[in-house]
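Q: Below are the structure tokens for one structure; questions will follow.
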Amino acid sequence: MLVKIKHIYLSAILSLLVLSLGACLPASTDTDTISVTIVIDGDTVVISTGEKIRYIGIDTPEVFPEEPFGQEATRANRELVLGKAVRLEKDVSETDNYDRLLRYVWVDDIMVNVEMVRRGLAVAKSYPPDTKYQELLKAAEAEAKLAGRGMWAQDTAQKEGADVTPPPE
């Protein structure tokens, strides 16, 4: 019983931390607003200009080849951004090795990168020098793990025959 109370208490504290950090995010002047036309997977989309956007600071399970939670991550990303006006925020790097634009993606006041991690459908993964929000992403991952969401839900993963470890780094 005491362990369960501790677990609930820690979950509440982490949730408050993520919410408070999100409320303190600075308004960036290095942003563009544009619509998402295609969702490729959980961390990559195509915008109306035809450019591919890779979300900074996260890694989601793949859909090709299919990894556990890859379809779920893609569906969640589609729900969050497809057909919507998004705000793109650059960190340090412009593109990755595949010529995808590297961006934090916002829908209204929700950073999609953080929301995917918070739902347990992505892991926080640092790709220096683009680390502006890494602490926020790590806090969201800790919250998802503690709450047992998505890939961190052992019962769900075991029922699906999935490995409960996160994608390789």
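Ordering of the structure tokens sets the chain letters (A, B, ...), residue numbers begin anew at 1 in every chain, and ligands are numbered from 1 in the order given.
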Write out as a PyMOL selection string all residues of region 23-162 of chain A that DSSP puts in alpha helix (DSSP H) for this structure's backbone.

A: chain A and resi 23+70-81+112-118+134-147+154-159

Q: Go ahead and write the selection's residues with N, CA and C atoms as a short mmCIF file (atom, residue, chain, number, x, y, z; two decimals), in the first residue's frame.

A:
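And here's again_24.cif as it stands now:
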data_model
loop_
_atom_site.label_atom_id
_atom_site.label_comp_id
_atom_site.auth_asym_id
_atom_site.auth_seq_id
_atom_site.Cartn_x
_atom_site.Cartn_y
_atom_site.Cartn_z
N ALA A 23 4.97 25.30 -19.35
CA ALA A 23 4.43 26.65 -19.23
C ALA A 23 5.54 27.70 -19.26
N GLY A 70 5.21 0.88 -33.22
CA GLY A 70 5.43 1.73 -34.39
C GLY A 70 4.13 2.23 -34.99
N GLN A 71 3.15 1.35 -35.13
CA GLN A 71 1.84 1.75 -35.68
C GLN A 71 1.13 2.72 -34.74
N GLU A 72 1.22 2.43 -33.43
CA GLU A 72 0.57 3.30 -32.44
C GLU A 72 1.18 4.70 -32.46
N ALA A 73 2.50 4.77 -32.58
CA ALA A 73 3.18 6.07 -32.64
C ALA A 73 2.77 6.83 -33.90
N THR A 74 2.67 6.14 -35.01
CA THR A 74 2.26 6.78 -36.26
C THR A 74 0.83 7.29 -36.16
N ARG A 75 -0.07 6.47 -35.60
CA ARG A 75 -1.47 6.90 -35.44
C ARG A 75 -1.57 8.13 -34.54
N ALA A 76 -0.83 8.13 -33.43
CA ALA A 76 -0.88 9.27 -32.51
C ALA A 76 -0.35 10.53 -33.19
N ASN A 77 0.74 10.39 -33.93
CA ASN A 77 1.31 11.54 -34.64
C ASN A 77 0.30 12.07 -35.67
N ARG A 78 -0.35 11.15 -36.38
CA ARG A 78 -1.36 11.55 -37.37
C ARG A 78 -2.48 12.34 -36.69
N GLU A 79 -2.95 11.83 -35.55
CA GLU A 79 -4.02 12.49 -34.78
C GLU A 79 -3.59 13.89 -34.34
N LEU A 80 -2.35 14.03 -33.95
CA LEU A 80 -1.85 15.31 -33.45
C LEU A 80 -1.62 16.36 -34.53
N VAL A 81 -1.15 15.95 -35.72
CA VAL A 81 -0.68 16.97 -36.69
C VAL A 81 -1.28 16.95 -38.09
N VAL A 112 4.58 18.69 -29.92
CA VAL A 112 4.30 17.32 -30.32
C VAL A 112 5.43 16.39 -29.89
N ASN A 113 6.66 16.84 -29.98
CA ASN A 113 7.81 16.03 -29.57
C ASN A 113 7.60 15.55 -28.13
N VAL A 114 7.25 16.46 -27.23
CA VAL A 114 7.03 16.12 -25.82
C VAL A 114 5.80 15.24 -25.66
N GLU A 115 4.73 15.56 -26.38
CA GLU A 115 3.48 14.79 -26.25
C GLU A 115 3.69 13.34 -26.66
N MET A 116 4.46 13.09 -27.69
CA MET A 116 4.73 11.71 -28.11
C MET A 116 5.48 10.94 -27.01
N VAL A 117 6.43 11.61 -26.37
CA VAL A 117 7.18 10.98 -25.27
C VAL A 117 6.26 10.77 -24.07
N ARG A 118 5.46 11.78 -23.75
CA ARG A 118 4.55 11.72 -22.61
C ARG A 118 3.55 10.56 -22.75
N GLN A 134 15.85 19.19 -24.07
CA GLN A 134 16.13 17.82 -23.67
C GLN A 134 15.68 17.50 -22.24
N GLU A 135 15.84 18.45 -21.32
CA GLU A 135 15.40 18.20 -19.94
C GLU A 135 13.88 18.00 -19.88
N LEU A 136 13.14 18.77 -20.64
CA LEU A 136 11.69 18.64 -20.70
C LEU A 136 11.31 17.28 -21.28
N LEU A 137 12.01 16.85 -22.32
CA LEU A 137 11.75 15.55 -22.93
C LEU A 137 12.08 14.41 -21.96
N LYS A 138 13.17 14.54 -21.21
CA LYS A 138 13.53 13.51 -20.22
C LYS A 138 12.49 13.42 -19.12
N ALA A 139 11.97 14.58 -18.68
CA ALA A 139 10.93 14.59 -17.64
C ALA A 139 9.66 13.93 -18.15
N ALA A 140 9.30 14.16 -19.41
CA ALA A 140 8.11 13.54 -20.00
C ALA A 140 8.30 12.03 -20.09
N GLU A 141 9.53 11.58 -20.40
CA GLU A 141 9.79 10.14 -20.46
C GLU A 141 9.68 9.51 -19.07
N ALA A 142 10.21 10.18 -18.06
CA ALA A 142 10.11 9.67 -16.69
C ALA A 142 8.64 9.56 -16.27
N GLU A 143 7.85 10.55 -16.64
CA GLU A 143 6.41 10.51 -16.33
C GLU A 143 5.73 9.33 -17.01
N ALA A 144 6.03 9.12 -18.31
CA ALA A 144 5.42 8.01 -19.06
C ALA A 144 5.82 6.66 -18.47
N LYS A 145 7.08 6.52 -18.09
CA LYS A 145 7.54 5.27 -17.48
C LYS A 145 6.82 5.01 -16.17
N LEU A 146 6.75 6.02 -15.34
CA LEU A 146 6.11 5.88 -14.04
C LEU A 146 4.64 5.55 -14.17
N ALA A 147 3.98 6.15 -15.15
CA ALA A 147 2.55 5.91 -15.37
C ALA A 147 2.30 4.64 -16.17
N GLN A 154 3.96 -2.64 -19.28
CA GLN A 154 4.42 -4.02 -19.37
C GLN A 154 3.29 -4.98 -19.74
N ASP A 155 2.10 -4.80 -19.18
CA ASP A 155 0.99 -5.70 -19.49
C ASP A 155 0.63 -5.64 -20.96
N THR A 156 0.56 -4.43 -21.52
CA THR A 156 0.22 -4.25 -22.93
C THR A 156 1.28 -4.88 -23.82
N ALA A 157 2.53 -4.61 -23.54
CA ALA A 157 3.62 -5.13 -24.36
C ALA A 157 3.69 -6.65 -24.29
N GLN A 158 3.48 -7.20 -23.10
CA GLN A 158 3.55 -8.65 -22.96
C GLN A 158 2.40 -9.33 -23.70
N LYS A 159 1.19 -8.74 -23.66
CA LYS A 159 0.05 -9.30 -24.37
C LYS A 159 0.30 -9.32 -25.87
#

Q: Residues of region 79-155 of chain A classed as strand (DSSP E or B) by DSSP on the backbone are to be reported as a VMD selection string.

A: chain A and resid 82 85 to 89 95 101 to 107 110 to 111 123 to 124 127 130

Q: Check the smallest atom-to-atom distance from each of A:Lys84, A:Arg103, A:Lys125, A:Arg119 to Thr37 (chain A) using only C-alpha atoms, then report the winner.

A: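 When distances to Thr37 (chain A) are compared using only C-alpha atoms, the smallest one comes from A:Lys84.
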
Q: With only C-alpha atoms counted and 6 Å as the cut-off, give the residues of region 72-139 of chain A in contact with region 31-36 of chain A, each with its shortest interatomic distance in Å and the pair that gives it, as CSV.

A:
residue,atom,partner,partner_atom,distance
A:Leu82,CA,A:Val36,CA,5.3
A:Gly83,CA,A:Val36,CA,5.3
A:Lys84,CA,A:Ser35,CA,5.4
A:Ala85,CA,A:Ser35,CA,4.3
A:Val86,CA,A:Thr33,CA,5.4
A:Arg87,CA,A:Thr33,CA,4.2
A:Leu88,CA,A:Asp32,CA,5.1
A:Glu89,CA,A:Thr31,CA,4.5

Q: I'd like the interatomic distance between CA of Glu94 (chain A) and CA of Leu121 (chain A), to a tenth of an Å.

A: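 That distance, rounded to one decimal, is 24.8 Å.
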
Q: What separation in Å, quoted to one decimal, exists between CA of Ser126 (chain A) and CA of Tyr104 (chain A)?

A: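 Calculated distance between CA of Ser126 (chain A) and CA of Tyr104 (chain A) is 13.0 Å.
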